[in-house]
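Raw start23.txt, compact mmCIF, C-alpha atoms:
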```txt
# COMPACT_ATOMS: atom_id res chain seq x y z
CA MET A 1 -89.56 140.62 -99.66
CA ALA A 2 -86.41 140.12 -97.64
CA SER A 3 -86.36 137.40 -94.98
CA VAL A 4 -84.40 137.46 -91.72
CA LEU A 5 -83.86 134.60 -89.29
CA ILE A 6 -83.22 135.77 -85.73
CA ALA A 7 -81.80 132.86 -83.75
CA PRO A 8 -79.97 133.86 -80.55
CA ASP A 9 -79.04 132.13 -77.31
CA LYS A 10 -79.96 133.78 -73.99
CA PHE A 11 -78.04 136.72 -72.56
CA LYS A 12 -77.40 135.13 -69.18
CA GLY A 13 -78.43 137.29 -66.25
CA SER A 14 -80.32 139.67 -68.47
CA LEU A 15 -82.66 138.24 -71.11
CA SER A 16 -83.97 134.86 -72.22
CA ALA A 17 -83.32 133.74 -75.77
CA ASP A 18 -86.91 134.58 -76.71
CA GLU A 19 -86.61 138.07 -75.17
CA VAL A 20 -83.39 138.68 -77.12
CA ALA A 21 -85.07 137.55 -80.33
CA LEU A 22 -88.12 139.74 -79.74
CA ALA A 23 -85.99 142.83 -79.10
CA LEU A 24 -83.95 142.25 -82.25
CA GLU A 25 -87.14 141.66 -84.24
CA ARG A 26 -88.59 144.99 -83.13
CA GLY A 27 -85.46 146.71 -84.33
CA VAL A 28 -85.40 144.89 -87.67
CA ARG A 29 -89.02 145.78 -88.36
CA GLU A 30 -88.30 149.44 -87.57
CA GLY A 31 -85.23 149.50 -89.80
CA ALA A 32 -86.78 147.61 -92.72
CA PRO A 33 -90.58 147.60 -92.60
CA GLY A 34 -92.18 144.71 -94.45
CA THR A 35 -89.28 142.35 -93.80
CA ARG A 36 -90.27 138.78 -93.09
CA VAL A 37 -88.85 137.80 -89.71
CA ASP A 38 -88.59 134.27 -88.31
CA ARG A 39 -87.65 133.96 -84.64
CA LEU A 40 -85.88 130.84 -83.38
CA PRO A 41 -84.78 131.18 -79.73
CA LEU A 42 -82.00 128.69 -79.11
CA ALA A 43 -80.36 126.78 -76.28
CA ASP A 44 -77.28 124.58 -76.15
CA GLY A 45 -78.36 122.11 -73.47
CA GLY A 46 -78.01 124.33 -70.43
CA GLU A 47 -80.36 126.75 -68.74
CA GLY A 48 -83.20 127.92 -70.94
CA SER A 49 -83.42 124.71 -72.97
CA VAL A 50 -87.07 124.01 -72.14
CA ALA A 51 -88.06 127.61 -72.83
CA ALA A 52 -86.29 127.54 -76.19
CA ALA A 53 -87.94 124.26 -77.14
CA CYS A 54 -91.38 125.55 -76.15
CA ALA A 55 -90.88 128.70 -78.19
CA GLY A 56 -90.65 126.31 -81.12
CA ARG A 57 -92.55 123.12 -81.74
CA PHE A 58 -92.58 121.70 -78.20
CA ALA A 59 -95.30 122.10 -75.56
CA PRO A 60 -94.64 122.62 -71.83
CA ARG A 61 -95.70 120.15 -69.16
CA GLY A 62 -95.43 121.04 -65.50
CA ILE A 63 -94.06 118.43 -63.10
CA THR A 64 -93.11 118.39 -59.43
CA VAL A 65 -89.98 116.49 -58.39
CA SER A 66 -87.43 116.40 -55.59
CA GLY A 67 -85.18 119.44 -55.76
CA PRO A 68 -81.45 119.47 -55.05
CA THR A 69 -82.02 119.53 -51.27
CA GLY A 70 -84.99 117.15 -51.33
CA GLN A 71 -87.64 119.85 -51.15
CA PRO A 72 -90.25 119.72 -53.94
CA VAL A 73 -89.51 121.73 -57.08
CA THR A 74 -92.11 122.44 -59.74
CA ALA A 75 -90.72 123.01 -63.20
CA GLY A 76 -91.49 122.34 -66.83
CA VAL A 77 -90.38 119.75 -69.31
CA ALA A 78 -90.91 120.11 -73.06
CA VAL A 79 -92.89 117.53 -75.01
CA HIS A 80 -93.26 116.93 -78.74
CA GLY A 81 -94.85 113.66 -79.76
CA ARG A 82 -92.95 110.94 -77.91
CA THR A 83 -89.90 113.13 -77.31
CA VAL A 84 -89.45 114.68 -73.87
CA LEU A 85 -86.81 117.28 -73.14
CA ILE A 86 -85.66 117.60 -69.52
CA GLU A 87 -83.57 120.54 -68.36
CA ALA A 88 -81.39 119.46 -65.43
CA ALA A 89 -80.82 123.04 -64.27
CA ALA A 90 -84.55 123.56 -63.74
CA LEU A 91 -84.76 120.52 -61.47
CA CYS A 92 -81.51 120.44 -59.50
CA GLY A 93 -79.83 123.68 -60.52
CA LEU A 94 -78.18 126.43 -58.57
CA GLY A 95 -81.18 128.62 -59.30
CA VAL A 96 -83.62 126.35 -57.42
CA LEU A 97 -81.63 125.96 -54.20
CA PRO A 98 -83.82 127.11 -51.30
CA GLY A 99 -82.82 130.62 -50.35
CA GLY A 100 -79.91 130.40 -52.77
CA HIS A 101 -77.88 128.55 -50.12
CA LYS A 102 -75.42 126.24 -51.84
CA ALA A 103 -75.19 122.59 -50.85
CA SER A 104 -72.13 121.39 -52.73
CA LEU A 105 -71.69 118.17 -50.73
CA THR A 106 -75.31 117.07 -50.36
CA ALA A 107 -77.21 118.37 -53.41
CA THR A 108 -78.81 115.47 -55.27
CA SER A 109 -79.86 114.73 -58.83
CA ARG A 110 -82.85 112.62 -57.76
CA GLY A 111 -85.27 115.04 -59.40
CA VAL A 112 -83.78 114.43 -62.84
CA GLY A 113 -84.39 110.70 -62.43
CA GLU A 114 -87.95 111.40 -61.33
CA ALA A 115 -88.47 113.51 -64.45
CA ILE A 116 -87.16 110.64 -66.56
CA ARG A 117 -89.65 108.35 -64.81
CA TYR A 118 -92.42 110.82 -65.69
CA ALA A 119 -91.34 110.68 -69.35
CA LEU A 120 -91.26 106.89 -69.32
CA ASP A 121 -94.73 106.72 -67.80
CA GLY A 122 -95.89 108.90 -70.70
CA ASP A 123 -94.50 106.37 -73.20
CA ALA A 124 -91.61 108.54 -74.39
CA ASP A 125 -89.25 106.88 -76.84
CA THR A 126 -86.72 109.73 -76.89
CA ILE A 127 -85.57 111.55 -73.77
CA VAL A 128 -83.25 114.51 -74.12
CA LEU A 129 -81.32 115.54 -71.02
CA ALA A 130 -80.14 119.14 -71.28
CA LEU A 131 -77.08 119.11 -69.03
CA GLY A 132 -75.66 122.17 -67.33
CA GLY A 133 -76.10 124.59 -64.48
CA VAL A 134 -76.71 122.03 -61.74
CA ALA A 135 -75.97 122.33 -58.02
CA THR A 136 -74.94 118.70 -57.70
CA THR A 137 -71.73 116.68 -57.90
CA ASP A 138 -73.09 113.22 -57.20
CA GLY A 139 -72.01 111.40 -60.35
CA GLY A 140 -75.67 111.00 -61.25
CA ALA A 141 -76.21 108.70 -58.27
CA GLY A 142 -79.47 110.42 -57.36
CA LEU A 143 -80.78 110.02 -60.90
CA MET A 144 -80.01 106.29 -60.85
CA LEU A 145 -81.63 105.80 -57.44
CA SER A 146 -84.86 107.30 -58.80
CA LEU A 147 -84.82 104.74 -61.60
CA GLY A 148 -84.44 101.73 -59.30
CA ALA A 149 -80.70 101.40 -58.79
CA VAL A 150 -79.45 100.05 -55.46
CA LEU A 151 -76.67 102.17 -53.97
CA ALA A 152 -76.32 101.00 -50.40
CA ARG A 153 -74.14 101.31 -47.33
CA ALA A 154 -72.55 98.29 -45.70
CA ASP A 155 -75.63 97.90 -43.47
CA GLY A 156 -77.92 97.75 -46.49
CA SER A 157 -79.46 101.19 -46.11
CA SER A 158 -79.48 103.57 -49.04
CA ILE A 159 -76.64 106.08 -49.21
CA GLY A 160 -77.26 109.69 -48.30
CA PRO A 161 -77.72 112.47 -50.82
CA GLY A 162 -75.05 114.15 -52.91
CA GLY A 163 -71.37 113.49 -53.38
CA ARG A 164 -70.91 113.11 -49.65
CA GLY A 165 -73.29 110.14 -49.68
CA LEU A 166 -71.08 108.35 -52.21
CA ALA A 167 -68.32 108.10 -49.59
CA ASP A 168 -70.45 105.47 -47.78
CA LEU A 169 -71.18 103.40 -50.89
CA HIS A 170 -70.65 99.67 -50.44
CA THR A 171 -73.13 97.80 -52.66
CA VAL A 172 -74.07 98.67 -56.24
CA HIS A 173 -76.77 97.25 -58.52
CA ILE A 174 -77.92 99.35 -61.48
CA THR A 175 -79.56 96.60 -63.56
CA GLU A 176 -83.09 97.89 -62.93
CA ALA A 177 -82.15 101.44 -63.89
CA ARG A 178 -80.53 100.24 -67.10
CA ALA A 179 -83.58 98.13 -67.91
CA ALA A 180 -85.90 101.12 -67.45
CA LEU A 181 -84.21 102.86 -70.39
CA LYS A 182 -83.43 99.91 -72.63
CA ASP A 183 -86.01 100.87 -75.29
CA VAL A 184 -85.40 104.62 -75.11
CA ASP A 185 -83.05 106.86 -77.06
CA LEU A 186 -81.42 108.79 -74.21
CA VAL A 187 -79.72 111.91 -75.58
CA LEU A 188 -77.19 113.72 -73.38
CA ALA A 189 -77.04 117.23 -74.79
CA THR A 190 -73.98 119.14 -73.65
CA ASP A 191 -71.09 121.15 -74.98
CA VAL A 192 -68.95 120.37 -71.93
CA ASP A 193 -66.18 117.88 -72.75
CA ASN A 194 -64.81 117.35 -69.23
CA PRO A 195 -64.23 113.78 -68.04
CA LEU A 196 -65.68 112.73 -64.70
CA LEU A 197 -62.45 112.55 -62.70
CA GLY A 198 -59.09 114.28 -62.36
CA PRO A 199 -57.94 117.88 -62.62
CA THR A 200 -60.41 118.65 -65.41
CA GLY A 201 -63.21 116.57 -63.89
CA ALA A 202 -66.59 117.49 -62.45
CA ALA A 203 -65.45 118.19 -58.89
CA ALA A 204 -62.20 120.00 -59.69
CA VAL A 205 -63.57 122.33 -62.36
CA TYR A 206 -67.16 122.90 -61.32
CA GLY A 207 -67.17 122.17 -57.58
CA PRO A 208 -66.05 125.71 -56.64
CA GLN A 209 -68.92 127.19 -58.68
CA LYS A 210 -71.27 125.13 -56.52
CA GLY A 211 -69.83 126.44 -53.28
CA ALA A 212 -67.19 123.82 -52.53
CA ASN A 213 -63.91 124.92 -50.94
CA GLN A 214 -60.68 123.13 -51.77
CA THR A 215 -61.12 120.55 -49.00
CA GLU A 216 -64.65 119.84 -50.19
CA VAL A 217 -63.50 119.64 -53.81
CA ARG A 218 -61.06 116.89 -52.79
CA GLU A 219 -63.80 115.14 -50.80
CA LEU A 220 -66.15 115.21 -53.77
CA GLY A 221 -63.44 114.07 -56.16
CA ASP A 222 -62.54 111.13 -53.93
CA ALA A 223 -66.19 110.18 -53.43
CA VAL A 224 -66.96 110.19 -57.16
CA ALA A 225 -63.77 108.22 -57.87
CA GLY A 226 -64.90 105.67 -55.28
CA PHE A 227 -68.26 105.49 -57.06
CA VAL A 228 -66.52 104.58 -60.32
CA HIS A 229 -64.42 101.97 -58.50
CA ARG A 230 -67.48 100.34 -56.94
CA LEU A 231 -69.32 100.28 -60.25
CA ALA A 232 -66.37 98.70 -62.02
CA ALA A 233 -65.94 96.14 -59.23
CA ALA A 234 -69.63 95.26 -59.55
CA GLY A 235 -69.09 94.44 -63.21
CA VAL A 236 -70.98 97.40 -64.68
CA PRO A 237 -69.95 97.46 -68.36
CA ASP A 238 -67.46 100.19 -69.26
CA ALA A 239 -67.75 101.90 -65.87
CA ALA A 240 -64.10 102.99 -65.87
CA ARG A 241 -63.99 103.81 -69.59
CA HIS A 242 -67.06 106.03 -69.44
CA ALA A 243 -65.52 108.01 -66.57
CA GLU A 244 -62.75 109.11 -68.94
CA ALA A 245 -65.08 109.99 -71.83
CA PRO A 246 -65.65 113.61 -72.91
CA GLY A 247 -68.87 114.85 -71.36
CA ALA A 248 -68.86 112.43 -68.42
CA GLY A 249 -68.23 115.34 -66.09
CA ALA A 250 -71.17 117.37 -67.43
CA ALA A 251 -73.73 118.45 -64.82
CA GLY A 252 -71.86 117.07 -61.84
CA GLY A 253 -71.55 113.63 -63.43
CA LEU A 254 -75.03 113.32 -64.92
CA GLY A 255 -73.24 112.79 -68.22
CA TYR A 256 -71.50 109.77 -66.69
CA ALA A 257 -74.71 108.31 -65.28
CA GLY A 258 -76.42 108.79 -68.62
CA MET A 259 -73.64 106.90 -70.40
CA LEU A 260 -73.93 104.01 -67.93
CA LEU A 261 -77.65 103.83 -68.68
CA GLY A 262 -77.08 103.62 -72.43
CA GLY A 263 -77.24 107.31 -73.32
CA ARG A 264 -75.28 109.01 -76.06
CA VAL A 265 -73.50 112.33 -75.73
CA CYS A 266 -74.00 114.87 -78.48
CA SER A 267 -73.20 118.51 -79.06
CA GLY A 268 -75.94 120.47 -77.36
CA ALA A 269 -75.68 123.29 -79.88
CA ASP A 270 -75.93 121.11 -82.98
CA TYR A 271 -78.59 118.86 -81.49
CA PHE A 272 -80.82 121.77 -80.58
CA LEU A 273 -80.38 123.37 -84.00
CA THR A 274 -81.73 120.19 -85.57
CA LEU A 275 -84.37 119.60 -82.90
CA LEU A 276 -85.82 123.09 -83.27
CA GLY A 277 -85.89 123.08 -87.08
CA ALA A 278 -83.06 125.49 -87.88
CA ASP A 279 -82.35 123.98 -91.29
CA GLU A 280 -85.84 124.64 -92.63
CA LEU A 281 -85.63 128.31 -91.62
CA LEU A 282 -82.06 128.77 -92.85
CA ALA A 283 -83.06 127.54 -96.26
CA VAL A 284 -85.60 130.36 -96.74
CA SER A 285 -83.72 133.22 -95.04
CA ASP A 286 -81.66 135.94 -96.69
CA ILE A 287 -79.61 136.84 -93.61
CA VAL A 288 -79.24 135.39 -90.14
CA VAL A 289 -78.86 137.22 -86.84
CA THR A 290 -77.57 135.33 -83.82
CA GLY A 291 -75.93 136.14 -80.52
CA GLU A 292 -75.20 135.35 -76.89
CA GLY A 293 -74.28 137.15 -73.72
CA SER A 294 -70.54 136.77 -74.14
CA LEU A 295 -68.80 136.10 -77.43
CA ASP A 296 -65.42 134.80 -76.30
CA GLU A 297 -62.83 132.08 -76.71
CA GLN A 298 -65.28 129.40 -75.56
CA SER A 299 -67.68 130.45 -78.29
CA LEU A 300 -65.21 129.36 -80.95
CA SER A 301 -65.20 125.80 -79.62
CA GLY A 302 -68.70 125.31 -81.00
CA LYS A 303 -71.15 127.21 -78.84
CA LEU A 304 -74.46 128.13 -80.39
CA PRO A 305 -73.66 131.24 -82.46
CA VAL A 306 -70.66 129.56 -84.09
CA ALA A 307 -72.52 126.27 -84.55
CA LEU A 308 -75.34 128.19 -86.25
CA ALA A 309 -72.88 130.11 -88.43
CA ARG A 310 -71.27 126.87 -89.58
CA ARG A 311 -74.65 125.45 -90.49
CA ALA A 312 -75.72 128.67 -92.24
CA ARG A 313 -72.59 128.48 -94.38
CA ARG A 314 -73.97 125.29 -95.97
CA TYR A 315 -76.85 127.39 -97.28
CA GLY A 316 -74.66 130.30 -98.36
CA LYS A 317 -76.22 132.67 -95.83
CA GLU A 318 -74.48 135.61 -94.20
CA VAL A 319 -74.58 135.67 -90.41
CA HIS A 320 -74.42 138.70 -88.11
CA ALA A 321 -73.79 138.40 -84.38
CA VAL A 322 -74.90 140.54 -81.46
CA ALA A 323 -73.37 139.96 -78.02
CA GLY A 324 -73.54 141.47 -74.59
CA ARG A 325 -69.78 141.70 -74.80
CA CYS A 326 -67.15 140.46 -77.24
CA THR A 327 -63.61 139.69 -76.13
CA LEU A 328 -62.44 138.41 -79.52
CA PRO A 329 -60.59 140.51 -82.10
CA ALA A 330 -62.23 140.97 -85.49
CA GLU A 331 -59.82 138.59 -87.19
CA ARG A 332 -61.06 135.77 -84.91
CA THR A 333 -64.75 136.37 -85.60
CA ALA A 334 -64.53 137.14 -89.33
CA ALA A 335 -64.46 133.45 -90.28
CA HIS A 336 -67.94 133.03 -88.81
CA PHE A 337 -69.75 136.38 -88.83
CA ARG A 338 -70.14 139.16 -91.38
CA SER A 339 -70.40 141.61 -88.48
CA VAL A 340 -70.34 141.60 -84.68
CA GLN A 341 -71.95 144.21 -82.44
CA ALA A 342 -71.33 144.20 -78.68
CA LEU A 343 -73.73 146.04 -76.38
CA THR A 344 -70.80 147.16 -74.23
CA ASP A 345 -69.63 149.27 -77.18
CA LEU A 346 -72.92 151.16 -77.15
CA THR A 347 -73.11 152.22 -73.51
CA ASP A 348 -71.00 153.05 -70.48
CA GLN A 349 -73.64 151.51 -68.23
CA ASP A 350 -73.57 147.92 -66.97
CA CYS A 351 -76.18 146.17 -69.08
CA ALA A 352 -75.25 142.60 -68.07
CA HIS A 353 -77.94 142.56 -65.38
CA ASP A 354 -80.23 145.26 -66.74
CA SER A 355 -82.86 143.62 -68.92
CA ASP A 356 -84.56 146.87 -69.97
CA LEU A 357 -81.31 148.47 -71.10
CA SER A 358 -80.22 145.31 -72.89
CA ALA A 359 -83.52 145.11 -74.74
CA ARG A 360 -83.29 148.75 -75.87
CA LEU A 361 -79.75 148.26 -77.11
CA LEU A 362 -80.71 145.08 -78.94
CA GLU A 363 -83.53 146.95 -80.69
CA ARG A 364 -80.97 149.54 -81.72
CA CYS A 365 -78.70 146.82 -83.10
CA GLY A 366 -81.54 145.20 -85.03
CA ARG A 367 -82.59 148.52 -86.51
CA ALA A 368 -79.06 149.45 -87.56
CA LEU A 369 -78.45 146.04 -89.10
CA ALA A 370 -81.69 146.15 -91.06
CA GLU A 371 -80.98 149.65 -92.37
CA ARG A 372 -77.46 148.65 -93.38
CA ARG A 373 -78.20 145.28 -94.97
CA LEU A 374 -81.82 145.51 -96.12
CA GLY A 375 -82.45 149.20 -96.69
CA ARG A 376 -85.64 151.08 -95.98
```

Hey, can you dump this file as structure tokens for me?
Amino acid sequence: MASVLIAPDKFKGSLSADEVALALERGVREGAPGTRVDRLPLADGGEGSVAAACAGRFAPRGITVSGPTGQPVTAGVAVHGRTVLIEAAALCGLGVLPGGHKASLTATSRGVGEAIRYALDGDADTIVLALGGVATTDGGAGLMLSLGAVLARADGSSIGPGGRGLADLHTVHITEARAALKDVDLVLATDVDNPLLGPTGAAAVYGPQKGANQTEVRELGDAVAGFVHRLAAAGVPDAARHAEAPGAGAAGGLGYAGMLLGGRVCSGADYFLTLLGADELLAVSDIVVTGEGSLDEQSLSGKLPVALARRARRYGKEVHAVAGRCTLPAERTAAHFRSVQALTDLTDQDCAHDSDLSARLLERCGRALAERRLGR
């Protein structure tokens, strides 16, 4: 009996990773009845990470924390043994802003720190921060405040929320926050390699996506740079060096804060493949089907489908990709995928925000692939 592993990322704006996998599975079963199908919805550290983990071996836990504007947000974390996975986007992301109104200067990452505190209270020894999709550019200041750091104005009062609050920073003590995580493996899962500062930093690259105009981008950049200066002046180890490290600019600077607190940056795609047990399933599969909403130049830098294809190659497995759209020529994808099917080649309609249409087209792709590669 043939065995197929279906392991896609989400199709952003249309379908979750699990919904993509289910649609492809329906098609595969129609095209090759009796085929063994394993579904492994994936995430790379951004939105959908908790859902992907809970579709696998993790269990959801609901928590309520401070959202990006301070209003309570209820979301899930994923728990497996003493490992807790926290998705920053679910706690301080653009998608949880009240009314969708952006708050580029004042959005805070406090909720992420509160989620870490929840994990610590539950005796976690590994905390995975899935970084991406946040509304904040506060250098992780809110996270550190939640863990006991002192970030104060000249009068001794705590700074205000967001990047704007950093402009008033005078006194810094993060010893308590560092101590809170001293016995924990803090994993910073991201495939963003931006530093914290400069033209490729958190404010310059991602500030406009969070609603900041050019004046506000400069204000945020200056405030975060001042944060680094204050930390370095306070004798925080490697404060300036970490600001230049790849990944420091992830999630509005949460990557930077995580590094200061002893965390380690790793490829979100590769980490999640290991975390969710991809190797065990690859070993027993005949072919692999993966995909994402847009297969493009960024995909080749190691996003999930390519990371999975590289891993599948170790097992000698052929990999087929399905994408909402593909902007790469065949000669660029051939090194990774036996075939690529884009939904945009199957319809003249806009399926990027039409979940029903996308699901039907994915079923069609799964059926055609099964008929072609596995036979009836």

Practice problem: Kindly indicate which residue among A:Ser49, A:Gln214, A:Thr69, A:Thr137 lies nearest to Ser16 of chain A, using all atoms listed in the file for the distances. | Solution: A:Ser49

Practice problem: Do a neighbour search on Lys303 of chain A at 9 Å with all atoms listed in the file, toss out local chain neighbours closer than 5 positions, and write the hits as a ChimeraX atom specification. | Solution: /A:44,191,267-270,298,308

Quiz item: Which residues come within 7 Å of Leu40 of chain A, counting only C-alpha atoms, excluding same-chain residues fewer than 6 positions away, as an MDAnalysis selection string?
Solution: chainID A and resid 6:7 56

Mind running segment 120-218 of chain A against segment 82-106 of chain A at 6 Å and telling me each contacting residue's nearest atom pair with the distance in Å (one decimal), counting all atoms listed in the file, chain and number ascending, as JSON lines?
```
{"residue": "A:Ala124", "atom": "CA", "partner": "A:Arg82", "partner_atom": "CA", "distance": 4.5}
{"residue": "A:Asp125", "atom": "CA", "partner": "A:Arg82", "partner_atom": "CA", "distance": 5.6}
{"residue": "A:Thr126", "atom": "CA", "partner": "A:Thr83", "partner_atom": "CA", "distance": 4.7}
{"residue": "A:Ile127", "atom": "CA", "partner": "A:Val84", "partner_atom": "CA", "distance": 5.0}
{"residue": "A:Val128", "atom": "CA", "partner": "A:Leu85", "partner_atom": "CA", "distance": 4.6}
{"residue": "A:Leu129", "atom": "CA", "partner": "A:Ile86", "partner_atom": "CA", "distance": 5.0}
{"residue": "A:Ala130", "atom": "CA", "partner": "A:Glu87", "partner_atom": "CA", "distance": 4.7}
{"residue": "A:Leu131", "atom": "CA", "partner": "A:Ala88", "partner_atom": "CA", "distance": 5.6}
{"residue": "A:Gly133", "atom": "CA", "partner": "A:Ala89", "partner_atom": "CA", "distance": 5.0}
{"residue": "A:Val134", "atom": "CA", "partner": "A:Gly93", "partner_atom": "CA", "distance": 3.7}
{"residue": "A:Ala135", "atom": "CA", "partner": "A:Leu94", "partner_atom": "CA", "distance": 4.7}
{"residue": "A:Pro161", "atom": "CA", "partner": "A:Thr106", "partner_atom": "CA", "distance": 5.2}
{"residue": "A:Gly162", "atom": "CA", "partner": "A:Thr106", "partner_atom": "CA", "distance": 3.9}
{"residue": "A:Gly163", "atom": "CA", "partner": "A:Leu105", "partner_atom": "CA", "distance": 5.4}
{"residue": "A:Arg164", "atom": "CA", "partner": "A:Leu105", "partner_atom": "CA", "distance": 5.2}
{"residue": "A:Lys210", "atom": "CA", "partner": "A:Ser104", "partner_atom": "CA", "distance": 5.4}
{"residue": "A:Gly211", "atom": "CA", "partner": "A:Ser104", "partner_atom": "CA", "distance": 5.6}
{"residue": "A:Ala212", "atom": "CA", "partner": "A:Ser104", "partner_atom": "CA", "distance": 5.5}
```

Exercise. Go through A:Ala149, A:Ala335, A:Val65, A:Ala250 one by one, measure the shortest atom-to-atom distance of each to Val319 of chain A using only C-alpha atoms, and give the residue with the smallest value.
Key: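 Closest residue, counting only C-alpha atoms: A:Ala335.
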
Quiz item: Just how far from atom CA of Val224 of chain A is atom CA of Gly253 of chain A, in Å to one decimal?
Solution: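 So the answer is 8.5 Å.
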
Practice problem: Figure out the distance between atom CA of Ala278 of chain A and atom CA of Gly258 of chain A, please, to one decimal in Å. | Solution: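 It comes out at 26.3 Å.
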
Practice problem: List the neighbours of Asp18 of chain A out to 12 Å using only C-alpha atoms; skip same-chain residues closer than 6 positions along the sequence, and give me the result as a VMD selection string. | Solution: chain A and resid 6 to 11 24 to 25 38 to 43 48 to 56 290 to 292 359

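Our summary of the geometry notes that atom CA of Ser294 of chain A is positioned 15.4 Å from atom CA of His336 of chain A.
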
Quiz prompt | Given all atoms listed in the file as the counted atoms, nearest of A:Ser299, A:Asp138, A:Val288, A:Gly293 to Glu318 of chain A | solution = A:Val288

Some atoms are missing, so please complete segment 246-260 of chain A with N, CA, C and O atoms and return it as a compact mmCIF listing (two decimals), in the coordinates of the input.
```txt
# COMPACT_ATOMS: atom_id res chain seq x y z
N PRO A 246 -65.22 112.20 -72.86
CA PRO A 246 -65.65 113.61 -72.91
C PRO A 246 -67.13 113.73 -72.61
O PRO A 246 -67.95 112.99 -73.17
N GLY A 247 -67.47 114.64 -71.72
CA GLY A 247 -68.87 114.85 -71.36
C GLY A 247 -69.31 114.11 -70.12
O GLY A 247 -70.39 114.38 -69.58
N ALA A 248 -68.48 113.16 -69.63
CA ALA A 248 -68.86 112.43 -68.42
C ALA A 248 -68.99 113.35 -67.22
O ALA A 248 -69.81 113.12 -66.32
N GLY A 249 -68.19 114.41 -67.21
CA GLY A 249 -68.23 115.34 -66.09
C GLY A 249 -69.31 116.40 -66.20
O GLY A 249 -69.43 117.26 -65.30
N ALA A 250 -70.10 116.37 -67.25
CA ALA A 250 -71.17 117.37 -67.43
C ALA A 250 -72.19 117.25 -66.31
O ALA A 250 -72.56 116.14 -65.90
N ALA A 251 -72.65 118.39 -65.82
CA ALA A 251 -73.73 118.45 -64.82
C ALA A 251 -73.42 117.60 -63.60
O ALA A 251 -74.25 116.80 -63.15
N GLY A 252 -72.22 117.76 -63.08
CA GLY A 252 -71.86 117.07 -61.84
C GLY A 252 -71.78 115.56 -61.96
O GLY A 252 -71.85 114.84 -60.96
N GLY A 253 -71.63 115.06 -63.20
CA GLY A 253 -71.55 113.63 -63.43
C GLY A 253 -72.82 113.03 -63.99
O GLY A 253 -72.88 111.81 -64.20
N LEU A 254 -73.83 113.85 -64.27
CA LEU A 254 -75.03 113.32 -64.92
C LEU A 254 -74.69 112.75 -66.30
O LEU A 254 -75.31 111.80 -66.76
N GLY A 255 -73.68 113.35 -66.95
CA GLY A 255 -73.24 112.79 -68.22
C GLY A 255 -72.75 111.36 -68.05
O GLY A 255 -73.06 110.48 -68.87
N TYR A 256 -72.01 111.12 -66.98
CA TYR A 256 -71.50 109.77 -66.69
C TYR A 256 -72.65 108.80 -66.44
O TYR A 256 -72.69 107.70 -67.03
N ALA A 257 -73.58 109.19 -65.57
CA ALA A 257 -74.71 108.31 -65.28
C ALA A 257 -75.49 108.01 -66.54
O ALA A 257 -75.91 106.86 -66.76
N GLY A 258 -75.69 109.02 -67.38
CA GLY A 258 -76.42 108.79 -68.62
C GLY A 258 -75.73 107.79 -69.52
O GLY A 258 -76.38 106.93 -70.14
N MET A 259 -74.39 107.87 -69.60
CA MET A 259 -73.64 106.90 -70.40
C MET A 259 -73.82 105.48 -69.86
O MET A 259 -74.01 104.53 -70.62
N LEU A 260 -73.76 105.33 -68.53
CA LEU A 260 -73.93 104.01 -67.93
C LEU A 260 -75.30 103.42 -68.24
O LEU A 260 -75.45 102.19 -68.31
```
